[in-house]
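Structure file input_23.cif (mmCIF, C-alpha atoms) follows.
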data_protein
#
loop_
_atom_site.label_atom_id
_atom_site.label_comp_id
_atom_site.auth_asym_id
_atom_site.auth_seq_id
_atom_site.Cartn_x
_atom_site.Cartn_y
_atom_site.Cartn_z
CA MET A 1 8.44 55.38 -62.48
CA LYS A 2 11.11 53.74 -64.54
CA ILE A 3 11.76 50.03 -64.42
CA GLU A 4 15.36 50.59 -63.36
CA ASN A 5 14.26 52.69 -60.38
CA ARG A 6 11.69 50.06 -59.41
CA GLN A 7 14.33 47.32 -59.55
CA GLN A 8 16.70 49.36 -57.41
CA ILE A 9 13.92 50.04 -54.86
CA LEU A 10 13.00 46.35 -54.78
CA ILE A 11 16.65 45.37 -54.35
CA VAL A 12 17.06 47.87 -51.52
CA LEU A 13 13.84 46.67 -49.87
CA THR A 14 14.90 43.03 -50.25
CA ILE A 15 18.32 43.78 -48.76
CA ALA A 16 16.64 45.71 -45.92
CA ALA A 17 14.21 42.82 -45.26
CA VAL A 18 17.06 40.26 -45.22
CA ALA A 19 19.09 42.54 -42.95
CA LEU A 20 16.15 42.94 -40.56
CA LEU A 21 15.54 39.18 -40.56
CA ALA A 22 19.23 38.49 -39.91
CA ALA A 23 19.31 41.14 -37.17
CA ASP A 24 16.24 39.58 -35.58
CA LYS A 25 17.63 36.06 -35.67
CA LEU A 26 21.24 36.93 -34.81
CA VAL A 27 20.90 39.90 -32.46
CA PHE A 28 17.43 40.63 -31.07
CA THR A 29 16.26 37.07 -30.30
CA PRO A 30 19.47 36.04 -28.45
CA LEU A 31 19.47 39.31 -26.53
CA THR A 32 15.83 38.83 -25.56
CA ARG A 33 16.52 35.27 -24.40
CA ALA A 34 19.55 36.40 -22.43
CA TRP A 35 17.56 39.24 -20.85
CA THR A 36 14.73 36.89 -19.89
CA GLY A 37 17.16 34.32 -18.51
CA ARG A 38 18.96 36.93 -16.45
CA SER A 39 15.66 38.30 -15.16
CA LYS A 40 14.63 34.83 -14.00
CA GLU A 41 18.04 34.27 -12.41
CA ILE A 42 17.84 37.63 -10.60
CA ALA A 43 14.35 36.75 -9.32
CA ARG A 44 15.58 33.35 -8.13
CA LEU A 45 18.59 34.91 -6.38
CA ARG A 46 16.40 37.55 -4.72
CA THR A 47 14.17 34.78 -3.39
CA GLN A 48 17.19 32.92 -2.06
CA VAL A 49 18.52 36.06 -0.39
CA SER A 50 15.11 36.70 1.18
CA ASP A 51 14.91 33.10 2.41
CA GLY A 52 18.45 33.34 3.78
CA ALA A 53 17.67 36.57 5.60
CA SER A 54 14.56 34.96 7.07
CA LEU A 55 16.60 31.97 8.24
CA MET A 56 19.20 34.28 9.79
CA LYS A 57 16.49 36.10 11.73
CA ARG A 58 15.17 32.78 13.05
CA GLU A 59 18.62 31.27 13.67
CA GLN A 60 18.38 31.16 17.45
CA ALA A 61 14.92 29.60 17.44
CA ILE A 62 15.97 27.01 14.85
CA ARG A 63 19.13 26.14 16.80
CA THR A 64 17.14 25.81 20.02
CA GLN A 65 14.62 23.54 18.31
CA TRP A 66 17.41 21.43 16.77
CA ASP A 67 19.16 21.08 20.16
CA GLU A 68 15.86 20.00 21.72
CA MET A 69 15.31 17.48 18.93
CA ARG A 70 18.84 16.08 19.34
CA THR A 71 18.39 15.63 23.08
CA ASN A 72 15.10 13.76 22.51
CA MET A 73 16.48 11.35 19.89
CA LEU A 74 16.54 7.68 20.67
CA PRO A 75 19.88 6.46 22.03
CA ASN A 76 22.39 4.88 19.66
CA ASN A 77 21.97 1.57 21.49
CA GLN A 78 19.33 -0.58 19.79
CA SER A 79 18.07 -2.42 22.86
CA LEU A 80 17.96 0.77 24.95
CA GLY A 81 16.20 2.72 22.20
CA GLN A 82 13.66 -0.04 21.67
CA GLU A 83 13.03 -0.24 25.42
CA GLN A 84 12.42 3.52 25.64
CA VAL A 85 9.88 3.44 22.81
CA LEU A 86 8.03 0.44 24.24
CA LYS A 87 7.93 2.01 27.74
CA ALA A 88 6.60 5.25 26.27
CA LEU A 89 3.91 3.37 24.30
CA VAL A 90 2.82 1.52 27.46
CA SER A 91 2.74 4.80 29.40
CA TRP A 92 0.67 6.54 26.73
CA SER A 93 -1.70 3.59 26.50
CA GLN A 94 -2.26 3.69 30.27
CA GLU A 95 -2.87 7.45 30.22
CA SER A 96 -5.36 7.23 27.37
CA GLY A 97 -7.07 3.97 28.35
CA VAL A 98 -6.05 2.14 25.16
CA SER A 99 -5.31 -1.57 25.21
CA ILE A 100 -2.13 -2.49 23.30
CA ASN A 101 -2.58 -5.88 21.64
CA GLY A 102 0.91 -6.15 20.17
CA THR A 103 4.04 -4.34 19.08
CA THR A 104 6.54 -5.33 16.41
CA PRO A 105 9.76 -3.27 16.52
CA GLN A 106 12.26 -3.47 13.67
CA TRP A 107 15.49 -1.52 13.10
CA LYS A 108 16.41 -0.10 9.73
CA ASN A 109 19.89 1.28 8.98
CA ASP A 110 19.13 3.95 6.41
CA THR A 111 22.52 5.63 6.11
CA ASP A 112 25.70 6.09 8.10
CA GLU A 113 24.22 9.26 9.61
CA TYR A 114 20.98 7.86 11.05
CA LYS A 115 18.85 4.78 11.54
CA THR A 116 15.20 4.32 12.34
CA LEU A 117 13.19 2.12 14.63
CA ILE A 118 10.02 1.08 12.83
CA CYS A 119 7.45 -0.11 15.32
CA ARG A 120 4.10 -1.61 14.35
CA VAL A 121 1.53 -1.15 17.14
CA ASP A 122 -1.86 -2.85 17.32
CA ALA A 123 -4.22 -1.31 19.87
CA SER A 124 -7.95 -1.23 20.64
CA GLY A 125 -10.31 1.13 22.38
CA SER A 126 -12.98 3.73 21.75
CA LEU A 127 -12.59 6.57 19.29
CA TRP A 128 -11.83 9.02 22.08
CA THR A 129 -9.18 6.84 23.74
CA LEU A 130 -7.49 6.02 20.42
CA SER A 131 -7.41 9.69 19.41
CA ARG A 132 -5.92 10.58 22.80
CA PHE A 133 -3.30 7.84 22.33
CA LEU A 134 -2.35 9.24 18.90
CA TYR A 135 -2.21 12.76 20.32
CA ASP A 136 0.14 11.63 23.11
CA ILE A 137 2.46 9.96 20.59
CA GLU A 138 2.60 13.03 18.34
CA LYS A 139 3.01 15.55 21.16
CA GLY A 140 5.45 13.54 23.26
CA PRO A 141 9.05 14.76 23.49
CA MET A 142 10.46 11.57 21.97
CA ALA A 143 11.65 11.68 18.35
CA LEU A 144 8.73 9.63 16.98
CA LYS A 145 6.69 10.08 13.86
CA VAL A 146 3.35 8.43 13.11
CA GLU A 147 3.87 7.01 9.63
CA SER A 148 0.55 5.25 8.98
CA VAL A 149 -2.75 4.67 10.75
CA ASP A 150 -5.31 1.92 10.07
CA LEU A 151 -8.61 2.12 11.93
CA SER A 152 -11.28 -0.59 11.87
CA SER A 153 -14.46 -1.33 13.81
CA HIS A 154 -15.42 -4.63 15.45
CA ASP A 155 -19.08 -3.89 16.13
CA ASN A 156 -21.96 -2.36 14.19
CA GLN A 157 -22.10 0.78 16.33
CA GLY A 158 -18.38 1.56 16.01
CA GLN A 159 -17.86 1.61 19.76
CA GLN A 160 -14.96 -0.84 19.79
CA LEU A 161 -12.21 0.14 17.33
CA THR A 162 -8.89 -1.42 16.43
CA LEU A 163 -5.92 0.75 15.58
CA GLY A 164 -3.01 -0.40 13.45
CA LEU A 165 -0.22 2.10 13.72
CA GLN A 166 3.30 2.42 12.34
CA VAL A 167 5.55 4.66 14.40
CA ASN A 168 9.11 5.57 13.34
CA GLY A 169 11.77 6.60 15.83
CA LEU A 170 14.94 8.41 14.77
CA VAL A 171 18.49 7.70 15.94
CA LEU A 172 21.33 9.96 14.84
CA THR A 173 24.52 8.00 14.45
CA PRO A 174 27.65 10.15 14.50
CA LYS A 175 30.14 9.26 11.80
CA GLY A 176 32.64 6.64 12.81
CA LYS A 177 30.41 5.01 15.47
#
Is it possible to give me this structure as C-alpha cells?
Amino acid sequence: MKIENRQQILIVLTIAAVALLAADKLVFTPLTRAWTGRSKEIARLRTQVSDGASLMKREQAIRTQWDEMRTNMLPNNQSLGQEQVLKALVSWSQESGVSINGTTPQWKNDTDEYKTLICRVDASGSLWTLSRFLYDIEKGPMALKVESVDLSSHDNQGQQLTLGLQVNGLVLTPKGK
C-alpha cells in the first residue's frame, strides 16, 4: 500500500471517528436522556392516573368518612371543646377502671384553618385497665389522637403502673371565624 493511500485512509478514519464522537455527544446522548426522562414522566403520570382512578372509586366512602370526622370534631368554642374532652376522659377512665391523677389542657392555634387542644393526662392503674383506657381513647368517636405515651411502674412486680399521655384534639375553624 502506498503512503498516500494510507494517509487518505487515516484521514477518512479520523474524520469518521470525530463524526461518530460528535454524533454521540450532540445527538445520541441528548436523545437517550430525553427518552429516559419521558419514560420516567410517563410512568409517574400513569401512577397518578391509577391513584386518581382508585380515589374516584372510593369517593363515596371517603366523603362519608370525612363527613363523620367533621361531625365528631371538637366545637370551635374553647371552653366547650375542653369540657367535652375532659368529660370523655372521665367517662373512659370510669369504664376502664383507671384513676386519673391530673389533666393539663392547652390550646394551640396552628393555622387559620384549624387549632388543636393538647391535653396531658396522668393516670394510674394495672396494665389491663390502662390498655383498655388507651383503646377507648383511640376508638372513641371524638377527633382525638394519642400523640405520646409514657408508662412507668411503681412497684417491683409491675402491678401498679403510671401512664403519662398526650392527647391532641382537632378543631376545624372555618375561614373568617
Contact residues around segment 170-175 of chain A with all atoms listed in the file at 7 Å, ignoring same-chain residues under 4 positions, as a PyMOL selection string: chain A and resi 73-76+112-117+143-144
Store the residues picked out above, limited to C-alpha atoms, as a JSON list (two decimals), in the coordinates of the input.
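Just written: selection.json:
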[["chain", "number", "residue", "atom", "x", "y", "z"],
["A", 73, "MET", "CA", 16.48, 11.35, 19.89],
["A", 74, "LEU", "CA", 16.54, 7.68, 20.67],
["A", 75, "PRO", "CA", 19.88, 6.46, 22.03],
["A", 76, "ASN", "CA", 22.39, 4.88, 19.66],
["A", 112, "ASP", "CA", 25.70, 6.09, 8.10],
["A", 113, "GLU", "CA", 24.22, 9.26, 9.61],
["A", 114, "TYR", "CA", 20.98, 7.86, 11.05],
["A", 115, "LYS", "CA", 18.85, 4.78, 11.54],
["A", 116, "THR", "CA", 15.20, 4.32, 12.34],
["A", 117, "LEU", "CA", 13.19, 2.12, 14.63],
["A", 143, "ALA", "CA", 11.65, 11.68, 18.35],
["A", 144, "LEU", "CA", 8.73, 9.63, 16.98]]
Residue neighbourhood Leu161 of chain A, 7 Å, all atoms listed in the file, exclusion window fewer than 4 positions, as a PDB file with C-alpha atoms, keeping the file's coordinate frame:
ATOM      1  CA  SER A 124      -7.950  -1.230  20.640  1.00  0.00           C
ATOM      2  CA  GLY A 125     -10.310   1.130  22.380  1.00  0.00           C
ATOM      3  CA  SER A 126     -12.980   3.730  21.750  1.00  0.00           C
ATOM      4  CA  LEU A 127     -12.590   6.570  19.290  1.00  0.00           C
ATOM      5  CA  LEU A 151      -8.610   2.120  11.930  1.00  0.00           C
ATOM      6  CA  SER A 152     -11.280  -0.590  11.870  1.00  0.00           C
ATOM      7  CA  SER A 153     -14.460  -1.330  13.810  1.00  0.00           C
ATOM      8  CA  HIS A 154     -15.420  -4.630  15.450  1.00  0.00           C
TER       9      HIS A 154
END
Result set of the PyMOL selection byres ((chain A and resi 107) around 7) on the coordinates above, as number ranges by chain: A: 105-106, 108-109, 116-118
Resolved residues for the PyMOL selection byres ((chain A and resi 146-149) around 8) as a list of chain:residue names: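 Checked against the file, the PyMOL selection byres ((chain A and resi 146-149) around 8) matches A:Ile137, A:Glu138, A:Leu144, A:Lys145, A:Asp150, A:Leu151, A:Leu163, A:Gly164, A:Leu165, A:Gln166, A:Val167, A:Asn168.
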Answer key for the PyMOL selection byres ((chain A and resi 103) around 6), residues as a list in words: Gly102, Thr104, Arg120 and Val121 of chain A
Straight-line distance linking atom CA of Pro141 of chain A with atom CA of Thr71 of chain A, stated in Å to one decimal: 9.4 Å
Atom pair atom CA of Phe133 of chain A / atom CA of Ser96 of chain A: separation (Å):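 Here the two named atoms are 5.5 Å from each other.
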Atomic separation - atom CA of Lys87 of chain A relative to atom CA of Leu130 of chain A, Å: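 Atom CA of Lys87 of chain A lies at a distance of 17.5 Å from atom CA of Leu130 of chain A.
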Spatial neighbours of Ala123 of chain A, 6 Å, only C-alpha atoms, chain gap at least 2 places, as a PyMOL selection string: chain A and resi 99-101+162-163
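In terms of minimum interatomic distance to Ser93 of chain A, A:Ser131 ranks closest within A:Ile42, A:Ser131, A:Gly81, A:Asn72, counting only C-alpha atoms.
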Final N, CA and C atoms of segment 85-116 of chain A as a CSV table (one decimal), in the frame of the given file:
chain,number,residue,atom,x,y,z
A,85,VAL,N,11.1,3.3,23.6
A,85,VAL,CA,9.9,3.4,22.8
A,85,VAL,C,8.8,2.6,23.4
A,86,LEU,N,9.1,1.3,23.7
A,86,LEU,CA,8.0,0.4,24.2
A,86,LEU,C,7.5,0.9,25.6
A,87,LYS,N,8.4,1.4,26.5
A,87,LYS,CA,7.9,2.0,27.7
A,87,LYS,C,7.0,3.2,27.5
A,88,ALA,N,7.4,4.1,26.6
A,88,ALA,CA,6.6,5.2,26.3
A,88,ALA,C,5.2,4.8,25.7
A,89,LEU,N,5.2,3.8,24.8
A,89,LEU,CA,3.9,3.4,24.3
A,89,LEU,C,3.0,2.8,25.4
A,90,VAL,N,3.6,2.1,26.3
A,90,VAL,CA,2.8,1.5,27.5
A,90,VAL,C,2.3,2.7,28.3
A,91,SER,N,3.2,3.6,28.6
A,91,SER,CA,2.7,4.8,29.4
A,91,SER,C,1.6,5.6,28.7
A,92,TRP,N,1.7,5.8,27.4
A,92,TRP,CA,0.7,6.5,26.7
A,92,TRP,C,-0.6,5.7,26.7
A,93,SER,N,-0.5,4.4,26.5
A,93,SER,CA,-1.7,3.6,26.5
A,93,SER,C,-2.4,3.6,27.9
A,94,GLN,N,-1.6,3.6,28.9
A,94,GLN,CA,-2.3,3.7,30.3
A,94,GLN,C,-2.9,5.0,30.5
A,95,GLU,N,-2.3,6.1,30.1
A,95,GLU,CA,-2.9,7.4,30.2
A,95,GLU,C,-4.2,7.6,29.4
A,96,SER,N,-4.2,7.0,28.2
A,96,SER,CA,-5.4,7.2,27.4
A,96,SER,C,-6.4,6.2,27.6
A,97,GLY,N,-6.1,5.0,28.2
A,97,GLY,CA,-7.1,4.0,28.4
A,97,GLY,C,-7.1,3.0,27.2
A,98,VAL,N,-6.1,3.0,26.3
A,98,VAL,CA,-6.0,2.1,25.2
A,98,VAL,C,-5.4,0.8,25.6
A,99,SER,N,-5.9,-0.3,25.0
A,99,SER,CA,-5.3,-1.6,25.2
A,99,SER,C,-4.4,-1.9,24.1
A,100,ILE,N,-3.1,-2.1,24.3
A,100,ILE,CA,-2.1,-2.5,23.3
A,100,ILE,C,-2.2,-4.0,23.1
A,101,ASN,N,-2.5,-4.5,21.9
A,101,ASN,CA,-2.6,-5.9,21.6
A,101,ASN,C,-1.3,-6.5,21.2
A,102,GLY,N,-0.4,-5.6,20.6
A,102,GLY,CA,0.9,-6.2,20.2
A,102,GLY,C,1.8,-5.1,19.6
A,103,THR,N,3.1,-5.3,19.7
A,103,THR,CA,4.0,-4.3,19.1
A,103,THR,C,5.1,-5.2,18.3
A,104,THR,N,5.5,-4.7,17.2
A,104,THR,CA,6.5,-5.3,16.4
A,104,THR,C,7.6,-4.3,16.0
A,105,PRO,N,8.7,-4.2,16.8
A,105,PRO,CA,9.8,-3.3,16.5
A,105,PRO,C,10.8,-3.9,15.5
A,106,GLN,N,11.3,-3.0,14.7
A,106,GLN,CA,12.3,-3.5,13.7
A,106,GLN,C,13.2,-2.3,13.4
A,107,TRP,N,14.5,-2.6,13.4
A,107,TRP,CA,15.5,-1.5,13.1
A,107,TRP,C,15.8,-1.5,11.6
A,108,LYS,N,16.0,-0.3,11.1
A,108,LYS,CA,16.4,-0.1,9.7
A,108,LYS,C,17.6,0.9,9.7
A,109,ASN,N,18.7,0.4,9.1
A,109,ASN,CA,19.9,1.3,9.0
A,109,ASN,C,19.8,2.0,7.6
A,110,ASP,N,19.3,3.2,7.6
A,110,ASP,CA,19.1,4.0,6.4
A,110,ASP,C,20.4,4.4,5.8
A,111,THR,N,21.2,5.1,6.6
A,111,THR,CA,22.5,5.6,6.1
A,111,THR,C,23.5,5.5,7.3
A,112,ASP,N,24.7,6.0,7.0
A,112,ASP,CA,25.7,6.1,8.1
A,112,ASP,C,25.4,7.2,9.1
A,113,GLU,N,24.5,8.1,8.7
A,113,GLU,CA,24.2,9.3,9.6
A,113,GLU,C,23.0,9.0,10.5
A,114,TYR,N,22.1,8.1,10.2
A,114,TYR,CA,21.0,7.9,11.0
A,114,TYR,C,20.4,6.5,10.8
A,115,LYS,N,19.6,6.0,11.7
A,115,LYS,CA,18.8,4.8,11.5
A,115,LYS,C,17.5,5.0,12.2
A,116,THR,N,16.5,4.2,11.8
A,116,THR,CA,15.2,4.3,12.3
A,116,THR,C,14.7,3.0,13.0
